[in-house]
Amino acid sequence: MNAKCKNSAPIGVFDSGVGGLTVVREIVRQLPDENIVYFGDTARVPYGSKSKNTIIRFSEQIIRFLKTKDVKAIVIACNTASALALDAVRHEFDVPIIGVVIPGARAAVEATQDNKVGVIGTDATVQSGMYTKIIQGMNPDIQVIEKACPLFVPLVEEGFKEHVVTEEIIEYYLQSMKESDIDAMILGCTHYPLLRSKIRSYMGERIQIVNPAYETAMDLKQLLKEGNMANDRSKMHSHYEFYVSDTAEKFRQFANTVMPFDVPETNVVNIEEY
């Protein structure tokens, strides 16, 4: 790939379902000239209850698919896959790959005044202890409280964001965290920013809420700059492609509620072939 082609080559982004669109939204905001290919593994969502080996296998299949689109870099938008598969796939593929855990952890370390950070995520992300490990690697004095909130994903996916049941489940999961004295909290799953205002009103203004999607977009910007890979053809219209492993129309309808533009046709891929 010559340098010019490489600069206009797309960024690959993948997630277990629709949640990764919150990361795409931030990339579109921060890097408006970049082309993007998104894959949502809607047939196999959620990842949060799967084993590490399964998550690695799924991630490898998706990266092989994204490489057929000649992507110049890959963002693992899924916290679970970032926590469990990033190291494995980084060594396996010859394309720069970043996840959402390290940027989110770093932002929380910078945000906390009292050295007490909360993390909410899927079962797999919390059981991996990855956020605690990375945060304490940056600052061993920080106490981390992690809490799995597995029902948040289906609530978002089924369109219950504004429903009273969502407020009840937020209270059910986060009451103990609200009673602790954390002053920063990481939304450790890409779906959770879609519940941000509800979480914020329950937790109160005192707590800094960290959205790893924004931090990841900024890390990607830096990666592209350092590798001379940024797309400088700003006169051309950016191109976005969306692929899923199932339920394309349901995905597209949901995506239209998240993205700042009308999502084009979404194509189904048989990901097991990769």
# chains A, B, ... in the order shown; residues from 1 in each chain; ligands from 1
>>> residues_around(residues="Gly104 (chain A)", least_positions_apart="5", cutoff="10 Å", atoms="only C-alpha atoms", output="compact mmCIF listing (two decimals) with all heavy atoms, in the first residue's frame")
# COMPACT_ATOMS: atom_id res chain seq x y z
N ASN A 79 -15.02 -3.32 25.62
CA ASN A 79 -14.18 -3.40 26.83
C ASN A 79 -13.79 -4.84 27.14
O ASN A 79 -12.66 -5.11 27.54
CB ASN A 79 -14.92 -2.82 28.03
CG ASN A 79 -14.92 -1.31 28.05
OD1 ASN A 79 -14.11 -0.69 28.73
ND2 ASN A 79 -15.83 -0.71 27.31
N GLY A 99 -7.12 -0.71 22.23
CA GLY A 99 -8.37 -1.03 22.92
C GLY A 99 -8.86 0.18 23.69
O GLY A 99 -8.25 1.26 23.61
N VAL A 109 -7.34 7.93 36.30
CA VAL A 109 -6.20 8.25 37.16
C VAL A 109 -6.01 9.77 37.23
O VAL A 109 -5.76 10.34 38.30
CB VAL A 109 -4.92 7.54 36.65
CG1 VAL A 109 -3.67 8.07 37.36
CG2 VAL A 109 -5.04 6.03 36.85
N VAL A 119 -15.37 1.34 38.77
CA VAL A 119 -15.45 0.84 37.39
C VAL A 119 -16.71 0.00 37.28
O VAL A 119 -16.93 -0.91 38.08
CB VAL A 119 -14.23 -0.04 37.03
CG1 VAL A 119 -14.35 -0.56 35.59
CG2 VAL A 119 -12.92 0.71 37.22
N TYR A 131 -9.02 -3.41 34.61
CA TYR A 131 -9.00 -1.98 34.96
C TYR A 131 -8.21 -1.75 36.25
O TYR A 131 -7.38 -0.84 36.33
CB TYR A 131 -10.42 -1.43 35.09
CG TYR A 131 -10.98 -0.89 33.79
CD1 TYR A 131 -11.97 -1.59 33.09
CD2 TYR A 131 -10.52 0.31 33.25
CE1 TYR A 131 -12.48 -1.09 31.89
CE2 TYR A 131 -11.02 0.81 32.06
CZ TYR A 131 -12.00 0.11 31.38
OH TYR A 131 -12.49 0.60 30.20
N ILE A 134 -4.44 -2.12 35.56
CA ILE A 134 -3.84 -1.02 34.78
C ILE A 134 -3.82 0.28 35.60
O ILE A 134 -2.82 1.00 35.62
CB ILE A 134 -4.57 -0.85 33.43
CG1 ILE A 134 -4.23 -2.04 32.53
CG2 ILE A 134 -4.18 0.45 32.75
CD1 ILE A 134 -5.08 -2.17 31.30
N ILE A 135 -4.92 0.56 36.31
CA ILE A 135 -4.97 1.79 37.12
C ILE A 135 -3.90 1.74 38.21
O ILE A 135 -3.16 2.70 38.42
CB ILE A 135 -6.38 1.96 37.75
CG1 ILE A 135 -7.39 2.35 36.66
CG2 ILE A 135 -6.36 3.01 38.86
CD1 ILE A 135 -8.85 2.29 37.10
N MET A 185 -15.61 7.61 38.11
CA MET A 185 -16.18 6.32 37.73
C MET A 185 -16.03 6.11 36.22
O MET A 185 -16.37 6.99 35.43
CB MET A 185 -17.66 6.24 38.11
CG MET A 185 -18.24 4.87 37.84
SD MET A 185 -19.87 4.68 38.65
CE MET A 185 -20.91 5.35 37.41
N ILE A 186 -15.50 4.94 35.86
CA ILE A 186 -15.32 4.60 34.45
C ILE A 186 -16.54 3.84 33.94
O ILE A 186 -16.95 2.85 34.55
CB ILE A 186 -14.06 3.73 34.25
CG1 ILE A 186 -12.81 4.47 34.71
CG2 ILE A 186 -13.92 3.30 32.78
CD1 ILE A 186 -11.55 3.60 34.70
N LEU A 187 -17.09 4.30 32.82
CA LEU A 187 -18.14 3.55 32.14
C LEU A 187 -17.44 2.48 31.32
O LEU A 187 -17.08 2.68 30.16
CB LEU A 187 -18.96 4.48 31.23
CG LEU A 187 -19.61 5.68 31.95
CD1 LEU A 187 -20.36 6.55 30.94
CD2 LEU A 187 -20.54 5.23 33.07
N GLY A 188 -17.21 1.31 31.96
CA GLY A 188 -16.34 0.29 31.39
C GLY A 188 -17.02 -0.67 30.43
O GLY A 188 -16.68 -1.85 30.38
N VAL A 210 -16.05 9.00 33.56
CA VAL A 210 -15.08 8.86 32.47
C VAL A 210 -15.69 8.00 31.37
O VAL A 210 -16.11 6.87 31.62
CB VAL A 210 -13.77 8.20 32.98
CG1 VAL A 210 -12.82 7.91 31.82
CG2 VAL A 210 -13.10 9.10 34.02
N ASN A 211 -15.73 8.56 30.16
CA ASN A 211 -16.19 7.82 28.99
C ASN A 211 -14.96 7.41 28.16
O ASN A 211 -14.38 8.24 27.47
CB ASN A 211 -17.13 8.70 28.15
CG ASN A 211 -17.58 8.01 26.88
OD1 ASN A 211 -17.29 6.84 26.66
ND2 ASN A 211 -18.27 8.74 26.03
N PRO A 212 -14.55 6.13 28.21
CA PRO A 212 -13.35 5.70 27.48
C PRO A 212 -13.43 5.95 25.97
O PRO A 212 -12.41 6.01 25.30
CB PRO A 212 -13.25 4.20 27.79
CG PRO A 212 -13.97 4.04 29.09
CD PRO A 212 -15.11 5.03 29.03
N ALA A 213 -14.64 6.11 25.43
CA ALA A 213 -14.78 6.33 23.98
C ALA A 213 -14.03 7.59 23.54
O ALA A 213 -13.28 7.57 22.55
CB ALA A 213 -16.26 6.43 23.60
N TYR A 214 -14.21 8.66 24.28
CA TYR A 214 -13.53 9.91 23.94
C TYR A 214 -12.01 9.75 24.05
O TYR A 214 -11.26 10.15 23.15
CB TYR A 214 -14.01 11.05 24.87
CG TYR A 214 -13.17 12.29 24.75
CD1 TYR A 214 -13.34 13.15 23.66
CD2 TYR A 214 -12.18 12.59 25.69
CE1 TYR A 214 -12.55 14.29 23.53
CE2 TYR A 214 -11.39 13.72 25.55
CZ TYR A 214 -11.58 14.56 24.48
OH TYR A 214 -10.78 15.67 24.34
N GLU A 215 -11.57 9.15 25.15
CA GLU A 215 -10.13 8.98 25.37
C GLU A 215 -9.51 8.11 24.27
O GLU A 215 -8.38 8.34 23.83
CB GLU A 215 -9.87 8.33 26.75
CG GLU A 215 -10.61 8.97 27.90
CD GLU A 215 -10.26 10.43 28.13
OE1 GLU A 215 -9.15 10.86 27.74
OE2 GLU A 215 -11.12 11.15 28.68
N THR A 216 -10.26 7.09 23.83
CA THR A 216 -9.76 6.18 22.79
C THR A 216 -9.62 6.92 21.47
O THR A 216 -8.64 6.73 20.73
CB THR A 216 -10.71 4.98 22.64
OG1 THR A 216 -10.81 4.31 23.90
CG2 THR A 216 -10.19 3.99 21.61
>>> closest_atom_pairs(of="region 118-195 of chain A", to="region 41-64 of chain A", cutoff="7 Å", atoms="only C-alpha atoms", output="JSON lines")
{"residue": "A:Thr122", "atom": "CA", "partner": "A:Gly48", "partner_atom": "CA", "distance": 4.9}
{"residue": "A:Asp123", "atom": "CA", "partner": "A:Gly48", "partner_atom": "CA", "distance": 5.4}
{"residue": "A:Ala124", "atom": "CA", "partner": "A:Gly48", "partner_atom": "CA", "distance": 4.7}
{"residue": "A:Thr125", "atom": "CA", "partner": "A:Gly48", "partner_atom": "CA", "distance": 6.7}
>>> select_by_dssp(residues="region 25-202 of chain A", states="strand (DSSP E or B)", output="list in words")
Ile36, Val37, Tyr38, Phe39, Gly40, Ala73, Ile74, Val75, Ile76, Ile97, Ile98, Gly99, Lys116, Val117, Gly118, Val119, Ile120, Gly121, Gln143, Val144, Ile145, Glu146, Lys147, Ala148, Ala184, Met185, Ile186, Leu187 and Gly188 of chain A
>>> write_last_selection(atoms="N, CA and C atoms", output="PDB file, in the first residue's frame")
ATOM      1  N   ILE A  36     -14.207   4.872   7.967  1.00  0.00           N
ATOM      2  CA  ILE A  36     -14.390   3.870   9.034  1.00  0.00           C
ATOM      3  C   ILE A  36     -15.152   2.659   8.506  1.00  0.00           C
ATOM      4  N   VAL A  37     -14.673   1.473   8.908  1.00  0.00           N
ATOM      5  CA  VAL A  37     -15.431   0.230   8.696  1.00  0.00           C
ATOM      6  C   VAL A  37     -15.758  -0.324  10.084  1.00  0.00           C
ATOM      7  N   TYR A  38     -17.036  -0.495  10.360  1.00  0.00           N
ATOM      8  CA  TYR A  38     -17.481  -0.975  11.683  1.00  0.00           C
ATOM      9  C   TYR A  38     -18.060  -2.374  11.553  1.00  0.00           C
ATOM     10  N   PHE A  39     -17.689  -3.229  12.512  1.00  0.00           N
ATOM     11  CA  PHE A  39     -18.319  -4.556  12.592  1.00  0.00           C
ATOM     12  C   PHE A  39     -18.907  -4.756  13.980  1.00  0.00           C
ATOM     13  N   GLY A  40     -20.200  -5.093  14.038  1.00  0.00           N
ATOM     14  CA  GLY A  40     -20.861  -5.413  15.303  1.00  0.00           C
ATOM     15  C   GLY A  40     -21.261  -6.879  15.308  1.00  0.00           C
ATOM     16  N   ALA A  73      -5.609   0.632  10.749  1.00  0.00           N
ATOM     17  CA  ALA A  73      -5.524   0.498  12.211  1.00  0.00           C
ATOM     18  C   ALA A  73      -6.854  -0.063  12.687  1.00  0.00           C
ATOM     19  N   ILE A  74      -6.834  -0.712  13.858  1.00  0.00           N
ATOM     20  CA  ILE A  74      -8.063  -1.308  14.394  1.00  0.00           C
ATOM     21  C   ILE A  74      -8.274  -0.837  15.827  1.00  0.00           C
ATOM     22  N   VAL A  75      -9.513  -0.468  16.117  1.00  0.00           N
ATOM     23  CA  VAL A  75      -9.905  -0.123  17.485  1.00  0.00           C
ATOM     24  C   VAL A  75     -10.841  -1.219  17.987  1.00  0.00           C
ATOM     25  N   ILE A  76     -10.439  -1.865  19.090  1.00  0.00           N
ATOM     26  CA  ILE A  76     -11.351  -2.810  19.745  1.00  0.00           C
ATOM     27  C   ILE A  76     -12.221  -1.971  20.665  1.00  0.00           C
ATOM     28  N   ILE A  97      -3.231  -2.088  16.688  1.00  0.00           N
ATOM     29  CA  ILE A  97      -4.526  -2.357  17.334  1.00  0.00           C
ATOM     30  C   ILE A  97      -4.525  -1.673  18.699  1.00  0.00           C
ATOM     31  N   ILE A  98      -5.581  -0.894  18.966  1.00  0.00           N
ATOM     32  CA  ILE A  98      -5.717  -0.313  20.304  1.00  0.00           C
ATOM     33  C   ILE A  98      -7.068  -0.703  20.894  1.00  0.00           C
ATOM     34  N   GLY A  99      -7.123  -0.710  22.226  1.00  0.00           N
ATOM     35  CA  GLY A  99      -8.371  -1.029  22.920  1.00  0.00           C
ATOM     36  C   GLY A  99      -8.856   0.182  23.686  1.00  0.00           C
ATOM     37  N   LYS A 116      -9.758   7.256  44.660  1.00  0.00           N
ATOM     38  CA  LYS A 116     -10.776   6.194  44.741  1.00  0.00           C
ATOM     39  C   LYS A 116     -11.590   6.210  43.455  1.00  0.00           C
ATOM     40  N   VAL A 117     -11.489   5.104  42.709  1.00  0.00           N
ATOM     41  CA  VAL A 117     -12.113   5.039  41.383  1.00  0.00           C
ATOM     42  C   VAL A 117     -13.071   3.861  41.319  1.00  0.00           C
ATOM     43  N   GLY A 118     -14.251   4.089  40.765  1.00  0.00           N
ATOM     44  CA  GLY A 118     -15.200   3.009  40.508  1.00  0.00           C
ATOM     45  C   GLY A 118     -15.154   2.613  39.039  1.00  0.00           C
ATOM     46  N   VAL A 119     -15.371   1.337  38.775  1.00  0.00           N
ATOM     47  CA  VAL A 119     -15.452   0.844  37.391  1.00  0.00           C
ATOM     48  C   VAL A 119     -16.709   0.001  37.277  1.00  0.00           C
ATOM     49  N   ILE A 120     -17.548   0.304  36.281  1.00  0.00           N
ATOM     50  CA  ILE A 120     -18.683  -0.579  36.012  1.00  0.00           C
ATOM     51  C   ILE A 120     -18.482  -1.212  34.637  1.00  0.00           C
ATOM     52  N   GLY A 121     -18.828  -2.491  34.521  1.00  0.00           N
ATOM     53  CA  GLY A 121     -18.613  -3.198  33.260  1.00  0.00           C
ATOM     54  C   GLY A 121     -19.363  -4.517  33.233  1.00  0.00           C
ATOM     55  N   GLN A 143      -7.357   3.186  45.033  1.00  0.00           N
ATOM     56  CA  GLN A 143      -8.244   2.069  45.367  1.00  0.00           C
ATOM     57  C   GLN A 143      -9.307   1.977  44.265  1.00  0.00           C
ATOM     58  N   VAL A 144      -9.522   0.765  43.741  1.00  0.00           N
ATOM     59  CA  VAL A 144     -10.480   0.587  42.651  1.00  0.00           C
ATOM     60  C   VAL A 144     -11.608  -0.334  43.110  1.00  0.00           C
ATOM     61  N   ILE A 145     -12.838   0.111  42.901  1.00  0.00           N
ATOM     62  CA  ILE A 145     -14.010  -0.727  43.179  1.00  0.00           C
ATOM     63  C   ILE A 145     -14.642  -1.071  41.838  1.00  0.00           C
ATOM     64  N   GLU A 146     -14.693  -2.363  41.513  1.00  0.00           N
ATOM     65  CA  GLU A 146     -15.300  -2.772  40.243  1.00  0.00           C
ATOM     66  C   GLU A 146     -16.659  -3.430  40.499  1.00  0.00           C
ATOM     67  N   LYS A 147     -17.592  -3.158  39.610  1.00  0.00           N
ATOM     68  CA  LYS A 147     -18.948  -3.699  39.784  1.00  0.00           C
ATOM     69  C   LYS A 147     -19.487  -4.133  38.422  1.00  0.00           C
ATOM     70  N   ALA A 148     -19.902  -5.396  38.348  1.00  0.00           N
ATOM     71  CA  ALA A 148     -20.517  -5.891  37.115  1.00  0.00           C
ATOM     72  C   ALA A 148     -21.988  -5.453  37.057  1.00  0.00           C
ATOM     73  N   ALA A 184     -14.432   9.262  41.027  1.00  0.00           N
ATOM     74  CA  ALA A 184     -14.376   9.098  39.568  1.00  0.00           C
ATOM     75  C   ALA A 184     -14.911   7.717  39.231  1.00  0.00           C
ATOM     76  N   MET A 185     -15.612   7.611  38.112  1.00  0.00           N
ATOM     77  CA  MET A 185     -16.181   6.320  37.727  1.00  0.00           C
ATOM     78  C   MET A 185     -16.028   6.110  36.221  1.00  0.00           C
ATOM     79  N   ILE A 186     -15.502   4.941  35.864  1.00  0.00           N
ATOM     80  CA  ILE A 186     -15.318   4.605  34.450  1.00  0.00           C
ATOM     81  C   ILE A 186     -16.537   3.841  33.941  1.00  0.00           C
ATOM     82  N   LEU A 187     -17.094   4.304  32.822  1.00  0.00           N
ATOM     83  CA  LEU A 187     -18.144   3.549  32.137  1.00  0.00           C
ATOM     84  C   LEU A 187     -17.437   2.476  31.317  1.00  0.00           C
ATOM     85  N   GLY A 188     -17.206   1.312  31.964  1.00  0.00           N
ATOM     86  CA  GLY A 188     -16.336   0.290  31.394  1.00  0.00           C
ATOM     87  C   GLY A 188     -17.024  -0.666  30.431  1.00  0.00           C
TER      88      GLY A 188
END
>>> residues_around(residues="region 24-27 of chain A", least_positions_apart="4", cutoff="8 Å", atoms="only C-alpha atoms", output="number ranges by chain")
A: 13, 20, 31-32, 38, 213-214, 217, 258-260
>>> residues_around(residues="Ala255 (chain A)", least_positions_apart="4", cutoff="8 Å", atoms="only C-alpha atoms", output="NGL selection string")
:A and (18 or 21 or 251 or 259 or 263)
>>> write_last_selection(atoms="all heavy atoms", output="PDB file, in the first residue's frame")
ATOM      1  N   VAL A  18     -23.990  -3.217  19.334  1.00  0.00           N
ATOM      2  CA  VAL A  18     -24.214  -1.816  18.950  1.00  0.00           C
ATOM      3  C   VAL A  18     -23.432  -0.837  19.823  1.00  0.00           C
ATOM      4  O   VAL A  18     -23.251   0.321  19.452  1.00  0.00           O
ATOM      5  CB  VAL A  18     -25.718  -1.445  19.018  1.00  0.00           C
ATOM      6  CG1 VAL A  18     -26.516  -2.274  18.046  1.00  0.00           C
ATOM      7  CG2 VAL A  18     -26.269  -1.588  20.428  1.00  0.00           C
ATOM      8  N   LEU A  21     -20.740   1.751  18.756  1.00  0.00           N
ATOM      9  CA  LEU A  21     -21.103   2.960  18.011  1.00  0.00           C
ATOM     10  C   LEU A  21     -20.793   4.217  18.824  1.00  0.00           C
ATOM     11  O   LEU A  21     -20.564   5.285  18.260  1.00  0.00           O
ATOM     12  CB  LEU A  21     -22.590   2.932  17.629  1.00  0.00           C
ATOM     13  CG  LEU A  21     -22.980   1.853  16.607  1.00  0.00           C
ATOM     14  CD1 LEU A  21     -24.489   1.716  16.529  1.00  0.00           C
ATOM     15  CD2 LEU A  21     -22.393   2.155  15.228  1.00  0.00           C
ATOM     16  N   PHE A 251     -30.130  -3.381  13.838  1.00  0.00           N
ATOM     17  CA  PHE A 251     -28.890  -2.660  14.132  1.00  0.00           C
ATOM     18  C   PHE A 251     -28.946  -1.254  13.535  1.00  0.00           C
ATOM     19  O   PHE A 251     -28.625  -0.271  14.191  1.00  0.00           O
ATOM     20  CB  PHE A 251     -27.684  -3.417  13.567  1.00  0.00           C
ATOM     21  CG  PHE A 251     -26.393  -2.643  13.632  1.00  0.00           C
ATOM     22  CD1 PHE A 251     -25.587  -2.707  14.753  1.00  0.00           C
ATOM     23  CD2 PHE A 251     -25.993  -1.822  12.578  1.00  0.00           C
ATOM     24  CE1 PHE A 251     -24.402  -1.974  14.827  1.00  0.00           C
ATOM     25  CE2 PHE A 251     -24.823  -1.087  12.637  1.00  0.00           C
ATOM     26  CZ  PHE A 251     -24.028  -1.170  13.765  1.00  0.00           C
ATOM     27  N   MET A 259     -25.774   7.660  16.062  1.00  0.00           N
ATOM     28  CA  MET A 259     -24.846   8.361  15.184  1.00  0.00           C
ATOM     29  C   MET A 259     -25.383   9.735  14.764  1.00  0.00           C
ATOM     30  O   MET A 259     -26.597   9.914  14.668  1.00  0.00           O
ATOM     31  CB  MET A 259     -24.546   7.523  13.937  1.00  0.00           C
ATOM     32  CG  MET A 259     -23.903   6.168  14.251  1.00  0.00           C
ATOM     33  SD  MET A 259     -22.418   6.303  15.273  1.00  0.00           S
ATOM     34  CE  MET A 259     -21.318   7.168  14.158  1.00  0.00           C
ATOM     35  N   VAL A 263     -27.339   6.252   9.087  1.00  0.00           N
ATOM     36  CA  VAL A 263     -26.457   5.108   8.839  1.00  0.00           C
ATOM     37  C   VAL A 263     -26.857   4.450   7.521  1.00  0.00           C
ATOM     38  O   VAL A 263     -28.030   4.145   7.313  1.00  0.00           O
ATOM     39  CB  VAL A 263     -26.540   4.115  10.021  1.00  0.00           C
ATOM     40  CG1 VAL A 263     -25.819   2.811   9.692  1.00  0.00           C
ATOM     41  CG2 VAL A 263     -25.939   4.750  11.265  1.00  0.00           C
TER      42      VAL A 263
END
>>> closest_residue(among="A:Ala248, A:Leu194, A:Ala77, A:Val95", to="Pro264 (chain A)", atoms="only C-alpha atoms")
A:Ala248
>>> closest_residue(among="A:Phe14, A:Cys189, A:Ile182, A:Pro154", to="Gly204 (chain A)", atoms="only C-alpha atoms")
A:Ile182
>>> residues_around(residues="Arg200 (chain A)", least_positions_apart="6", cutoff="9 Å", atoms="only C-alpha atoms", output="list in words")
Ile207, Gln208 and Ile209 of chain A
>>> select_by_dssp(residues="region 139-255 of chain A", states="alpha helix (DSSP H)", output="ChimeraX atom specification")
/A:152-157,164-179,196-203,212-226,248-255
>>> residues_around(residues="Asp70 (chain A)", least_positions_apart="4", cutoff="8 Å", atoms="only C-alpha atoms", output="ChimeraX atom specification")
/A:9-10,66
>>> write_last_selection(atoms="C-alpha atoms", output="PDB file, in the first residue's frame")
ATOM      1  CA  ALA A   9      -7.391   3.562   4.114  1.00  0.00           C
ATOM      2  CA  PRO A  10     -10.189   3.113   6.667  1.00  0.00           C
ATOM      3  CA  LEU A  66     -11.517  -6.210   8.813  1.00  0.00           C
TER       4      LEU A  66
END
>>> atom_distance(atom1="CA of Cys149 (chain A)", atom2="CA of His191 (chain A)")
11.0 Å
